[in-house]
Amino acid sequence: MTLNRTDFVRLGSLFTGSLVLGVGASVCVNPSIAEAQASDFKPNAWLIVHPDEKVTVFVAKSEMGQGVATGMPTIVADELDVPFENVRVQFAPAAAVYQDPDFHIQITGGSTSTLSSWMPLRTAGASARAMLIAAAAKSWSVDPSTLTTKAGSVIDSANNRSATYGSLTAAAASMPVPKKPKLKTRDQFTLIGKVNKRIDTPLKVNGAAKYGIDVRVPGMKFASILYPPVFGAKVRSFDASKAKKVKGVIAVVEVPSGVAVVATNSWAAFQGKAALNVTYDNGPFAKASTASLKTQFLKLASRGTGAIVAVERGSKSVNGTSMEATYFGQPTAHATMEPQNATASVTPAGVDIWAPTQVQTLAQASAAKIAGVPIDKVRIHTTYLGGGFGRRLYADYTNDAVAVSKAIKAPVQVIWTREDDIQHDWYKPMAANSVSGVLDKHGNLVAMRHTVVMDSILVPLGFPLPKSGLDAISMDSVINSPYEIPNFHAYYINPKSGVPAGSLRAPGANWNGFVMETFLDELAHKAGKNPLAFRLALLKKNPRAIAVLERVAKNASWGSPPNGMKQGLAFGFWADTPVATIVEVSMNGSVPRVHRAFVVADVGIAVNPTIVRQQLEGATNYGLSMALASKITIANGAVQQHNFYDFLVLRIDQAPQIHVDVLENAPSPTGIGELGVVPIAPAVANAVFAINGKRARTLPFTDAYGTG
Amino acid sequence: MISLQINGEKHEVDVPPEMPLLWVIRDVVGLTGTKFGCGVAQCGACTVHIGDNAVRSCVTPVGSVAGKPVTTIEALGSPGQLHPLQQAWIDEEVPQCGYCQSGQLMAISALVKQNPHPTDADLAESITNICRCGTYDRIRKAVARATAGKQAS
């Protein structure tokens, strides 16, 4: 988490008067930065102070809309004490120094960026500030403790003089790096909590922001790959004669994932792909369908076959009024607006990859293997990401670009069609949950048993499971539930279904949270209690949770819905952040219509309050989109959906008004990117129950309530 | 050769007339602000103007727009003078990932030419562009700000 294990080290020869601070010892040289600075300087740096007063901050996290390109520099600039207008941002290359202190790889996921970078970035800024002060103190022959800083200058108020940071860069570079620089206290922040703009907004209203798909490299070609439709299938043979006749098609090559058509433009590549004739060895999954998988999942849930103990608390046999239910959730796709793509150039000198990726370290390591070069010869250039939601935690599409570039010996952009994207995702897994609860004679929830059948989410990400086989992500919102249920037993079953399982915004929780929160609502009604009071009674040791619930109830006037509507409430949490949502719902036939959503989260410290609100709004809509109608079904081992006409997502006509309120009751920032997804679907389902008495035991709602 | 007029500039392109305008703009002319999202006129990320009308360039054959004025996001406003919707997008901090916003702005700027004060209901009726980041509520607020339209509830 902090710099303790990698004490700041001062780096050798400093270039052109710029002060560079880094963390730890470098193992990778990144040419893009070295070139940018006209120096062979090692790049393990978070910031550069330039003689022209500008400050470059290196952002080691991927900007996929969640605001890291604004939030991270805000943290650095606040401790450095420079005006935010002076800050410019550069996305960091793949390098050891930029690896996440918790994950130990360079990755953007889990809503952890701000939390895990909080102390390193503050320390980097504060350390630079201390060295600038030391430089000024030396030149003025005064005690550094008599000096202060303000807005990019060192101030000597006793002697009525000041020096700008830009004038001190060369001198500061020779100052010792402080072991423990003094950090600001919360009340001293000048930017954190106060910057409400995003630095990337102006670039995103005029087409200037460059995403992966916008990368243009001299001599580059465009390629589209035909992937076997059936999961696990392999190409047996292919006939490319028709494809090669398409105007603009240059080559057709087989790569490990399928058959690639290379062309002078994307469209010609798509046309060539459509003209391919391929036969496959389909393998055993060709027999699988949604119906067969559902039967398998439900059987596992009811029989408990292969169940791994996840939580054992209290007694298994508790007397009282018991209730039980079985839930079944369909898989869904991420459907980032920017389809997957990557541009690669493989040469004997190494590999360059330009990509919208959330996982630089894996993309780099995997590319090195494919290209047969050492890892440090693979340079990752991260672009803006047109959405992430977890989809870009996988290196499949960067691998493809490397493989095709290697085969054709030229730079190439591999671009997925929307159909590729829908049919070859790492899906939010299918799931079946069996859950039971016991109420005592006072209507208190005294026991719960919860079995989750869900493919492992961690394994495809490259994280091994513990010996027990328990996947803590697939069990999220169950094993870490804050509800104080005295007797609680949870079990995990890994069905190994053969459908690629993935990390999708609030993975695990985005389904298990639905089960927990709708089932709790059912128990509350059974107990004759207000669903709010029922939850509050189970969260007595969790003041942050109580505060968000009480606040959302107040904001939404819980219990007093507008005419013709009913309310639904749900609670959730992710990345140490509690959230609660209340929705106002009416029915349009069997389709729930959400008019307003009230969301309250306790984010600890809101580095940029606007971005926090954006994330909670966006996650609410993302979760609502999933809940309403988004599903992936399988027939003959292949996905049946193709594009946005049969994989349905939220549009503006169904999007609710969203009221967000943000609490800050923790000493450091907690995660914001995913958690808004967790409570929205159960809140809507609970409101639908209040309207028509129907309980949703499945998602999406089209499966639960019908489509009429 | 097909003669195109994009953002006031002439381009002669040697492509088949059935090639979608989107790919000519992006891969041949080299303007990348117009985005590919679905290829089947579902998501609106590729929206451009032909004259005053919003069209989905991913299904518009380039041959059909020869000689007609095409406007892309790059020319909706100018660096010195943003379109009022662009300014409102900044003021309301609409974009998250931003990928769909070129299309949102092109679709809504065309709507505003026909209907200078669109209500929320008008947007629901006319705008089908997809935003996976879920910026819809901010889009409504930004449109209201730019057009001084009344917020329907």
# chains A, B, ... in the order shown; residues from 1 in each chain; ligands from 1
>>> residues_around(residues="Val15 in chain B", least_positions_apart="3", cutoff="12 Å", atoms="only C-alpha atoms", output="CSV table (one decimal) with N, CA and C atoms, in the first residue's frame")
chain,number,residue,atom,x,y,z
A,246,VAL,N,-11.9,-10.2,-52.3
A,246,VAL,CA,-12.5,-8.9,-51.9
A,246,VAL,C,-11.5,-7.8,-52.0
A,247,LYS,N,-12.0,-6.7,-52.6
A,247,LYS,CA,-11.1,-5.5,-52.8
A,247,LYS,C,-10.6,-5.0,-51.5
A,248,GLY,N,-9.3,-4.9,-51.4
A,248,GLY,CA,-8.7,-4.4,-50.2
A,248,GLY,C,-8.1,-5.5,-49.3
A,264,THR,N,-6.6,-3.4,-46.3
A,264,THR,CA,-6.2,-2.0,-46.2
A,264,THR,C,-7.1,-1.2,-45.4
A,265,ASN,N,-8.3,-1.7,-45.1
A,265,ASN,CA,-9.2,-0.9,-44.2
A,265,ASN,C,-10.1,-1.9,-43.4
A,267,TRP,N,-13.3,-2.3,-43.1
A,267,TRP,CA,-14.5,-2.8,-43.8
A,267,TRP,C,-14.1,-3.9,-44.7
A,268,ALA,N,-13.1,-3.7,-45.5
A,268,ALA,CA,-12.6,-4.8,-46.4
A,268,ALA,C,-12.3,-6.1,-45.6
B,1,MET,N,-13.3,6.7,-58.7
B,1,MET,CA,-13.1,7.8,-57.7
B,1,MET,C,-14.4,8.4,-57.3
B,2,ILE,N,-14.6,8.6,-56.0
B,2,ILE,CA,-15.8,9.2,-55.5
B,2,ILE,C,-15.4,10.5,-54.9
B,3,SER,N,-16.1,11.6,-55.2
B,3,SER,CA,-15.8,12.9,-54.7
B,3,SER,C,-16.7,13.2,-53.4
B,4,LEU,N,-16.0,13.4,-52.3
B,4,LEU,CA,-16.7,13.7,-51.1
B,4,LEU,C,-16.4,15.1,-50.6
B,11,HIS,N,-12.5,15.6,-50.8
B,11,HIS,CA,-11.7,14.4,-50.8
B,11,HIS,C,-12.1,13.5,-52.0
B,12,GLU,N,-11.1,13.0,-52.8
B,12,GLU,CA,-11.3,12.1,-53.8
B,12,GLU,C,-10.9,10.7,-53.3
B,18,GLU,N,-20.3,1.0,-52.4
B,18,GLU,CA,-21.1,0.4,-51.3
B,18,GLU,C,-20.4,0.4,-50.0
B,19,MET,N,-19.1,0.9,-50.0
B,19,MET,CA,-18.4,0.9,-48.7
B,19,MET,C,-19.1,1.9,-47.8
B,20,PRO,N,-19.3,1.5,-46.5
B,20,PRO,CA,-20.0,2.5,-45.6
B,20,PRO,C,-19.2,3.8,-45.4
B,21,LEU,N,-19.9,4.9,-45.4
B,21,LEU,CA,-19.3,6.2,-45.2
B,21,LEU,C,-18.4,6.2,-43.9
B,23,TRP,N,-16.4,4.0,-42.6
B,23,TRP,CA,-15.0,3.4,-42.8
B,23,TRP,C,-14.2,4.3,-43.8
B,24,VAL,N,-14.9,5.0,-44.7
B,24,VAL,CA,-14.2,5.9,-45.5
B,24,VAL,C,-13.7,7.1,-44.7
B,25,ILE,N,-14.6,7.6,-43.8
B,25,ILE,CA,-14.2,8.7,-42.9
B,25,ILE,C,-13.0,8.3,-42.0
B,27,ASP,N,-11.0,5.2,-42.0
B,27,ASP,CA,-9.8,4.5,-42.4
B,27,ASP,C,-9.2,5.1,-43.7
B,28,VAL,N,-9.9,5.8,-44.5
B,28,VAL,CA,-9.4,6.4,-45.7
B,28,VAL,C,-9.1,7.8,-45.6
B,29,VAL,N,-10.1,8.6,-45.1
B,29,VAL,CA,-9.8,10.1,-45.0
B,29,VAL,C,-9.0,10.3,-43.7
B,61,PRO,N,-24.0,4.0,-47.6
B,61,PRO,CA,-23.0,3.7,-48.7
B,61,PRO,C,-22.4,5.0,-49.1
B,62,VAL,N,-21.1,5.0,-49.2
B,62,VAL,CA,-20.4,6.3,-49.5
B,62,VAL,C,-20.8,6.8,-50.9
B,63,GLY,N,-21.2,5.9,-51.8
B,63,GLY,CA,-21.7,6.4,-53.1
B,63,GLY,C,-22.9,7.2,-53.0
B,66,ALA,N,-22.0,11.1,-52.4
B,66,ALA,CA,-21.0,11.8,-53.2
B,66,ALA,C,-21.5,13.3,-53.5
>>> closest_atom_pairs(of="chain A", to="chain B", cutoff="6 Å", atoms="only C-alpha atoms", output="CSV")
residue,atom,partner,partner_atom,distance
A:Met64,CA,B:Cys97,CA,5.1
A:Gly65,CA,B:Cys97,CA,3.5
A:Lys204,CA,B:Gly98,CA,5.2
A:Val205,CA,B:Gln86,CA,5.7
A:Asn206,CA,B:Glu74,CA,5.5
A:Gly207,CA,B:Gly33,CA,3.8
A:Asp214,CA,B:Thr32,CA,5.7
A:Asn265,CA,B:Asp27,CA,5.7
A:Met337,CA,B:Gly37,CA,5.8
A:Gly386,CA,B:Tyr99,CA,5.0
A:Gly387,CA,B:Cys97,CA,5.4
A:Arg418,CA,B:Cys38,CA,5.1
A:Gly618,CA,B:Gly134,CA,4.3
A:Asn621,CA,B:Gly134,CA,5.1
A:Arg651,CA,B:Ile130,CA,5.6
A:Ile652,CA,B:Tyr136,CA,5.5
A:Asp653,CA,B:Ala124,CA,4.1
A:Gln657,CA,B:Asp137,CA,5.8
>>> write_last_selection(atoms="N, CA and C atoms", output="PDB file, in the first residue's frame")
ATOM      1  N   MET A  64     -10.900   4.570 -18.300  1.00  0.00           N
ATOM      2  CA  MET A  64     -11.992   3.941 -19.059  1.00  0.00           C
ATOM      3  C   MET A  64     -13.310   4.636 -18.787  1.00  0.00           C
ATOM      4  N   GLY A  65     -13.198   5.863 -18.299  1.00  0.00           N
ATOM      5  CA  GLY A  65     -14.389   6.630 -17.995  1.00  0.00           C
ATOM      6  C   GLY A  65     -14.544   6.893 -16.513  1.00  0.00           C
ATOM      7  N   LYS A 204     -13.370  14.913 -25.210  1.00  0.00           N
ATOM      8  CA  LYS A 204     -14.420  13.929 -25.471  1.00  0.00           C
ATOM      9  C   LYS A 204     -15.701  14.565 -26.010  1.00  0.00           C
ATOM     10  N   VAL A 205     -15.641  15.856 -26.332  1.00  0.00           N
ATOM     11  CA  VAL A 205     -16.805  16.480 -26.966  1.00  0.00           C
ATOM     12  C   VAL A 205     -16.511  16.908 -28.397  1.00  0.00           C
ATOM     13  N   ASN A 206     -15.277  16.710 -28.855  1.00  0.00           N
ATOM     14  CA  ASN A 206     -14.959  17.128 -30.232  1.00  0.00           C
ATOM     15  C   ASN A 206     -14.225  16.050 -31.020  1.00  0.00           C
ATOM     16  N   GLY A 207     -14.241  14.829 -30.513  1.00  0.00           N
ATOM     17  CA  GLY A 207     -13.630  13.730 -31.253  1.00  0.00           C
ATOM     18  C   GLY A 207     -12.126  13.642 -31.112  1.00  0.00           C
ATOM     19  N   ASP A 214      -8.537   4.254 -32.613  1.00  0.00           N
ATOM     20  CA  ASP A 214      -8.107   5.439 -33.363  1.00  0.00           C
ATOM     21  C   ASP A 214      -6.602   5.453 -33.630  1.00  0.00           C
ATOM     22  N   ASN A 265      -8.334  -1.677 -45.092  1.00  0.00           N
ATOM     23  CA  ASN A 265      -9.236  -0.946 -44.200  1.00  0.00           C
ATOM     24  C   ASN A 265     -10.120  -1.945 -43.449  1.00  0.00           C
ATOM     25  N   MET A 337     -18.689   0.189 -25.392  1.00  0.00           N
ATOM     26  CA  MET A 337     -19.045   0.870 -26.653  1.00  0.00           C
ATOM     27  C   MET A 337     -17.925   0.740 -27.679  1.00  0.00           C
ATOM     28  N   GLY A 386     -12.636   2.958 -24.489  1.00  0.00           N
ATOM     29  CA  GLY A 386     -14.056   3.234 -24.717  1.00  0.00           C
ATOM     30  C   GLY A 386     -14.906   2.296 -23.890  1.00  0.00           C
ATOM     31  N   GLY A 387     -14.829   2.473 -22.585  1.00  0.00           N
ATOM     32  CA  GLY A 387     -15.502   1.577 -21.640  1.00  0.00           C
ATOM     33  C   GLY A 387     -14.599   0.407 -21.285  1.00  0.00           C
ATOM     34  N   ARG A 418     -19.025  -5.901 -33.575  1.00  0.00           N
ATOM     35  CA  ARG A 418     -19.877  -6.032 -32.388  1.00  0.00           C
ATOM     36  C   ARG A 418     -20.290  -7.482 -32.193  1.00  0.00           C
ATOM     37  N   GLY A 618     -23.667   6.214 -13.443  1.00  0.00           N
ATOM     38  CA  GLY A 618     -23.394   5.290 -14.545  1.00  0.00           C
ATOM     39  C   GLY A 618     -23.578   3.841 -14.144  1.00  0.00           C
ATOM     40  N   ASN A 621     -27.231   2.941 -14.016  1.00  0.00           N
ATOM     41  CA  ASN A 621     -27.782   2.644 -15.339  1.00  0.00           C
ATOM     42  C   ASN A 621     -27.228   1.335 -15.908  1.00  0.00           C
ATOM     43  N   ARG A 651     -31.364   2.480 -23.132  1.00  0.00           N
ATOM     44  CA  ARG A 651     -31.259   3.713 -23.910  1.00  0.00           C
ATOM     45  C   ARG A 651     -31.916   4.834 -23.114  1.00  0.00           C
ATOM     46  N   ILE A 652     -31.860   6.049 -23.647  1.00  0.00           N
ATOM     47  CA  ILE A 652     -32.275   7.210 -22.841  1.00  0.00           C
ATOM     48  C   ILE A 652     -33.757   7.137 -22.466  1.00  0.00           C
ATOM     49  N   ASP A 653     -34.594   6.455 -23.295  1.00  0.00           N
ATOM     50  CA  ASP A 653     -36.031   6.428 -22.991  1.00  0.00           C
ATOM     51  C   ASP A 653     -36.340   5.641 -21.720  1.00  0.00           C
ATOM     52  N   GLN A 657     -34.190   9.357 -13.875  1.00  0.00           N
ATOM     53  CA  GLN A 657     -33.495  10.471 -13.217  1.00  0.00           C
ATOM     54  C   GLN A 657     -32.753   9.873 -12.027  1.00  0.00           C
TER      55      GLN A 657
END
>>> atom_distance(atom1="CA of Pro176 in chain A", atom2="CA of Phe189 in chain A")
25.1 Å
>>> select_by_dssp(residues="chain B", states="strand (DSSP E)", output="PyMOL selection string")
chain B and resi 2-6+9-13+47-50+53-56+69-71
>>> residues_around(residues="range 209-213 of chain A", least_positions_apart="6", cutoff="8 Å", atoms="only C-alpha atoms", output="compact mmCIF listing (two decimals) with N, CA and C atoms, in the first residue's frame")
# COMPACT_ATOMS: atom_id res chain seq x y z
N ASP A 200 -10.25 15.24 -19.15
CA ASP A 200 -10.47 14.66 -20.47
C ASP A 200 -11.78 15.09 -21.11
N LEU A 203 -11.66 16.89 -24.53
CA LEU A 203 -11.24 16.00 -25.62
C LEU A 203 -12.35 15.06 -26.05
N GLU A 338 -16.69 0.81 -27.25
CA GLU A 338 -15.57 0.59 -28.17
C GLU A 338 -15.34 -0.91 -28.26
N ASN A 341 -10.15 -4.11 -29.53
CA ASN A 341 -9.20 -3.89 -30.61
C ASN A 341 -7.82 -3.68 -30.02
N ALA A 342 -6.83 -3.90 -30.85
CA ALA A 342 -5.46 -3.59 -30.44
C ALA A 342 -4.63 -3.44 -31.70
N THR A 343 -3.62 -2.61 -31.60
CA THR A 343 -2.70 -2.41 -32.71
C THR A 343 -1.33 -2.89 -32.25
N TRP A 354 -0.40 -0.84 -28.95
CA TRP A 354 -1.23 0.30 -28.59
C TRP A 354 -2.62 -0.27 -28.33
N ALA A 355 -3.10 -0.11 -27.12
CA ALA A 355 -4.35 -0.81 -26.83
C ALA A 355 -5.13 -0.16 -25.71
N PRO A 356 -6.47 -0.30 -25.78
CA PRO A 356 -7.31 0.06 -24.64
C PRO A 356 -7.32 -1.13 -23.69
N THR A 382 -0.82 2.59 -23.58
CA THR A 382 -2.24 2.53 -23.22
C THR A 382 -2.95 3.77 -23.76
N THR A 383 -4.05 3.53 -24.45
CA THR A 383 -4.86 4.62 -24.99
C THR A 383 -6.02 4.90 -24.03
N TYR A 384 -6.86 5.86 -24.39
CA TYR A 384 -8.15 5.94 -23.70
C TYR A 384 -8.93 4.67 -24.00
N LEU A 385 -9.76 4.24 -23.06
CA LEU A 385 -10.58 3.05 -23.22
C LEU A 385 -12.03 3.47 -23.43
N GLY A 386 -12.64 2.96 -24.49
CA GLY A 386 -14.06 3.23 -24.72
C GLY A 386 -14.91 2.30 -23.89
N GLN A 413 -3.85 -3.40 -36.97
CA GLN A 413 -4.90 -3.22 -35.96
C GLN A 413 -5.92 -4.33 -36.13
N ILE A 415 -9.42 -5.53 -35.23
CA ILE A 415 -10.64 -4.85 -34.78
C ILE A 415 -11.77 -5.86 -34.76
N GLY B 33 -12.76 10.83 -35.11
CA GLY B 33 -13.73 11.22 -34.08
C GLY B 33 -15.06 10.51 -34.22
N TYR B 99 -16.70 7.52 -25.51
CA TYR B 99 -16.66 6.91 -26.84
C TYR B 99 -17.93 7.17 -27.64
>>> residues_around(residues="Pro118 in chain B", least_positions_apart="4", cutoff="12 Å", atoms="only C-alpha atoms", output="PyMOL selection string")
chain B and resi 108-114+122-127+139-152
>>> residues_around(residues="range 524-531 of chain A", least_positions_apart="6", cutoff="12 Å", atoms="only C-alpha atoms", output="number ranges by chain")
A: 320-324, 437-446, 516-518, 537-538, 549, 553, 558-559, 567-571, 582, 683, 686-687, 689-690, 693, 695
>>> write_last_selection(atoms="N, CA and C atoms", output="mmCIF file, in the first residue's frame")
data_model
loop_
_atom_site.group_PDB
_atom_site.id
_atom_site.type_symbol
_atom_site.label_atom_id
_atom_site.label_comp_id
_atom_site.auth_asym_id
_atom_site.auth_seq_id
_atom_site.Cartn_x
_atom_site.Cartn_y
_atom_site.Cartn_z
ATOM 1 N N GLY A 320 -37.385 -21.923 14.066
ATOM 2 C CA GLY A 320 -38.098 -20.688 13.754
ATOM 3 C C GLY A 320 -38.898 -20.856 12.482
ATOM 4 N N THR A 321 -39.340 -19.733 11.937
ATOM 5 C CA THR A 321 -40.071 -19.748 10.671
ATOM 6 C C THR A 321 -39.054 -19.707 9.545
ATOM 7 N N SER A 322 -39.076 -20.740 8.729
ATOM 8 C CA SER A 322 -38.039 -20.763 7.684
ATOM 9 C C SER A 322 -38.644 -20.499 6.312
ATOM 10 N N MET A 323 -37.784 -20.003 5.435
ATOM 11 C CA MET A 323 -38.152 -19.696 4.048
ATOM 12 C C MET A 323 -37.001 -20.123 3.181
ATOM 13 N N GLU A 324 -37.325 -20.609 1.994
ATOM 14 C CA GLU A 324 -36.216 -20.902 1.087
ATOM 15 C C GLU A 324 -36.602 -20.571 -0.341
ATOM 16 N N GLY A 437 -33.592 -18.964 4.920
ATOM 17 C CA GLY A 437 -33.449 -18.099 6.088
ATOM 18 C C GLY A 437 -34.415 -18.511 7.178
ATOM 19 N N VAL A 438 -34.044 -18.204 8.415
ATOM 20 C CA VAL A 438 -34.898 -18.536 9.556
ATOM 21 C C VAL A 438 -35.159 -17.272 10.373
ATOM 22 N N LEU A 439 -36.450 -17.030 10.643
ATOM 23 C CA LEU A 439 -36.845 -15.906 11.489
ATOM 24 C C LEU A 439 -37.220 -16.425 12.869
ATOM 25 N N ASP A 440 -36.792 -15.714 13.916
ATOM 26 C CA ASP A 440 -37.233 -16.135 15.251
ATOM 27 C C ASP A 440 -38.638 -15.590 15.510
ATOM 28 N N LYS A 441 -39.141 -15.829 16.701
ATOM 29 C CA LYS A 441 -40.548 -15.475 16.945
ATOM 30 C C LYS A 441 -40.780 -13.959 16.970
ATOM 31 N N HIS A 442 -39.685 -13.190 17.097
ATOM 32 C CA HIS A 442 -39.817 -11.731 17.035
ATOM 33 C C HIS A 442 -39.634 -11.199 15.617
ATOM 34 N N GLY A 443 -39.428 -12.128 14.683
ATOM 35 C CA GLY A 443 -39.229 -11.695 13.298
ATOM 36 C C GLY A 443 -37.809 -11.265 13.000
ATOM 37 N N ASN A 444 -36.865 -11.656 13.840
ATOM 38 C CA ASN A 444 -35.462 -11.350 13.575
ATOM 39 C C ASN A 444 -34.849 -12.453 12.722
ATOM 40 N N LEU A 445 -34.010 -12.064 11.773
ATOM 41 C CA LEU A 445 -33.324 -13.047 10.943
ATOM 42 C C LEU A 445 -32.185 -13.656 11.768
ATOM 43 N N VAL A 446 -32.315 -14.941 12.090
ATOM 44 C CA VAL A 446 -31.327 -15.559 12.980
ATOM 45 C C VAL A 446 -30.456 -16.593 12.277
ATOM 46 N N MET A 516 -29.306 -11.777 -2.381
ATOM 47 C CA MET A 516 -29.358 -11.410 -0.957
ATOM 48 C C MET A 516 -30.418 -10.335 -0.697
ATOM 49 N N GLU A 517 -30.433 -9.321 -1.539
ATOM 50 C CA GLU A 517 -31.287 -8.162 -1.254
ATOM 51 C C GLU A 517 -32.758 -8.415 -1.574
ATOM 52 N N THR A 518 -33.032 -9.263 -2.563
ATOM 53 C CA THR A 518 -34.444 -9.587 -2.806
ATOM 54 C C THR A 518 -34.933 -10.592 -1.765
ATOM 55 N N ALA A 537 -31.425 -3.381 11.511
ATOM 56 C CA ALA A 537 -31.252 -4.259 12.681
ATOM 57 C C ALA A 537 -30.142 -5.269 12.468
ATOM 58 N N LEU A 538 -29.774 -5.495 11.201
ATOM 59 C CA LEU A 538 -28.726 -6.470 10.892
ATOM 60 C C LEU A 538 -27.374 -5.805 10.628
ATOM 61 N N LEU A 549 -28.004 4.027 4.519
ATOM 62 C CA LEU A 549 -29.409 3.609 4.478
ATOM 63 C C LEU A 549 -30.328 4.715 5.004
ATOM 64 N N ALA A 553 -33.032 6.845 2.698
ATOM 65 C CA ALA A 553 -34.441 6.822 3.094
ATOM 66 C C ALA A 553 -34.974 8.252 3.217
ATOM 67 N N TRP A 558 -38.663 7.670 1.914
ATOM 68 C CA TRP A 558 -39.006 6.242 1.989
ATOM 69 C C TRP A 558 -40.362 6.063 2.682
ATOM 70 N N GLY A 559 -41.214 5.334 2.020
ATOM 71 C CA GLY A 559 -42.550 5.121 2.580
ATOM 72 C C GLY A 559 -43.590 6.042 1.963
ATOM 73 N N GLN A 567 -42.048 2.113 -4.170
ATOM 74 C CA GLN A 567 -40.608 2.199 -3.942
ATOM 75 C C GLN A 567 -40.013 0.822 -3.685
ATOM 76 N N GLY A 568 -38.741 0.706 -4.001
ATOM 77 C CA GLY A 568 -37.974 -0.482 -3.642
ATOM 78 C C GLY A 568 -36.635 -0.047 -3.101
ATOM 79 N N LEU A 569 -36.156 -0.784 -2.123
ATOM 80 C CA LEU A 569 -34.899 -0.431 -1.440
ATOM 81 C C LEU A 569 -33.943 -1.600 -1.527
ATOM 82 N N ALA A 570 -32.672 -1.311 -1.706
ATOM 83 C CA ALA A 570 -31.638 -2.344 -1.565
ATOM 84 C C ALA A 570 -30.340 -1.708 -1.107
ATOM 85 N N PHE A 571 -29.529 -2.541 -0.489
ATOM 86 C CA PHE A 571 -28.231 -2.142 0.037
ATOM 87 C C PHE A 571 -27.166 -2.935 -0.705
ATOM 88 N N ILE A 582 -32.750 3.575 -3.522
ATOM 89 C CA ILE A 582 -34.219 3.482 -3.514
ATOM 90 C C ILE A 582 -34.715 3.938 -4.881
ATOM 91 N N ALA A 683 -33.341 -3.422 -5.926
ATOM 92 C CA ALA A 683 -34.253 -2.332 -5.528
ATOM 93 C C ALA A 683 -35.462 -2.312 -6.467
ATOM 94 N N ASN A 686 -37.697 -5.310 -5.783
ATOM 95 C CA ASN A 686 -38.459 -5.140 -4.543
ATOM 96 C C ASN A 686 -39.626 -4.161 -4.735
ATOM 97 N N ALA A 687 -39.414 -3.177 -5.608
ATOM 98 C CA ALA A 687 -40.517 -2.257 -5.924
ATOM 99 C C ALA A 687 -41.598 -2.981 -6.732
ATOM 100 N N PHE A 689 -42.383 -6.073 -6.551
ATOM 101 C CA PHE A 689 -43.144 -6.872 -5.588
ATOM 102 C C PHE A 689 -44.193 -6.007 -4.897
ATOM 103 N N ALA A 690 -43.771 -4.795 -4.538
ATOM 104 C CA ALA A 690 -44.719 -3.898 -3.859
ATOM 105 C C ALA A 690 -45.890 -3.539 -4.773
ATOM 106 N N GLY A 693 -46.870 -7.984 -6.323
ATOM 107 C CA GLY A 693 -46.712 -9.193 -5.519
ATOM 108 C C GLY A 693 -45.857 -10.272 -6.170
ATOM 109 N N ARG A 695 -42.408 -11.995 -7.280
ATOM 110 C CA ARG A 695 -41.001 -12.046 -6.898
ATOM 111 C C ARG A 695 -40.159 -12.474 -8.095
#
>>> residues_around(residues="range 160-174 of chain A", least_positions_apart="2", cutoff="6 Å", atoms="only C-alpha atoms", output="PyMOL selection string")
chain A and resi 17-19+50-53+131-132+135+152-158
>>> write_last_selection(atoms="C-alpha atoms", output="PDB file, in the first residue's frame")
ATOM      1  CA  GLY A  17      16.770  20.531 -15.029  1.00  0.00           C
ATOM      2  CA  SER A  18      13.684  18.443 -14.460  1.00  0.00           C
ATOM      3  CA  LEU A  19      13.149  16.864 -11.101  1.00  0.00           C
ATOM      4  CA  HIS A  50       9.380  21.111 -15.585  1.00  0.00           C
ATOM      5  CA  PRO A  51      11.265  24.418 -15.705  1.00  0.00           C
ATOM      6  CA  ASP A  52       8.203  26.015 -17.325  1.00  0.00           C
ATOM      7  CA  GLU A  53       6.198  25.308 -14.111  1.00  0.00           C
ATOM      8  CA  MET A 131      12.966  18.635  -2.001  1.00  0.00           C
ATOM      9  CA  LEU A 132      11.875  21.884  -3.637  1.00  0.00           C
ATOM     10  CA  ALA A 135      16.564  23.545  -2.583  1.00  0.00           C
ATOM     11  CA  GLY A 152       3.735  26.127  -7.193  1.00  0.00           C
ATOM     12  CA  SER A 153       6.133  28.417  -5.317  1.00  0.00           C
ATOM     13  CA  VAL A 154       8.315  28.141  -2.227  1.00  0.00           C
ATOM     14  CA  ILE A 155       7.586  31.065   0.088  1.00  0.00           C
ATOM     15  CA  ASP A 156       9.966  32.678   2.589  1.00  0.00           C
ATOM     16  CA  SER A 157       7.548  35.002   4.318  1.00  0.00           C
ATOM     17  CA  ALA A 158      10.068  36.131   6.958  1.00  0.00           C
TER      18      ALA A 158
END
>>> select_by_dssp(residues="range 337-534 of chain A", states="alpha helix (DSSP H)", output="PyMOL selection string")
chain A and resi 360-371+396-408+418-423+458-461+509-526+531-534
>>> residues_around(residues="Lys68 in chain B", least_positions_apart="5", cutoff="8 Å", atoms="only C-alpha atoms", output="list in words")
Leu4, Gln5, Ile50 and Gly51 of chain B
>>> write_last_selection(atoms="N, CA and C atoms", output="short mmCIF file (atom, residue, chain, number, x, y, z; two decimals), in the first residue's frame")
data_model
loop_
_atom_site.label_atom_id
_atom_site.label_comp_id
_atom_site.auth_asym_id
_atom_site.auth_seq_id
_atom_site.Cartn_x
_atom_site.Cartn_y
_atom_site.Cartn_z
N LEU B 4 -15.98 13.44 -52.33
CA LEU B 4 -16.67 13.68 -51.06
C LEU B 4 -16.39 15.09 -50.57
N GLN B 5 -17.37 15.61 -49.85
CA GLN B 5 -17.18 16.93 -49.23
C GLN B 5 -17.38 16.76 -47.73
N ILE B 50 -25.49 14.71 -42.83
CA ILE B 50 -25.50 14.95 -44.27
C ILE B 50 -26.44 16.13 -44.46
N GLY B 51 -25.87 17.25 -44.82
CA GLY B 51 -26.66 18.47 -44.77
C GLY B 51 -27.05 18.72 -43.32
#
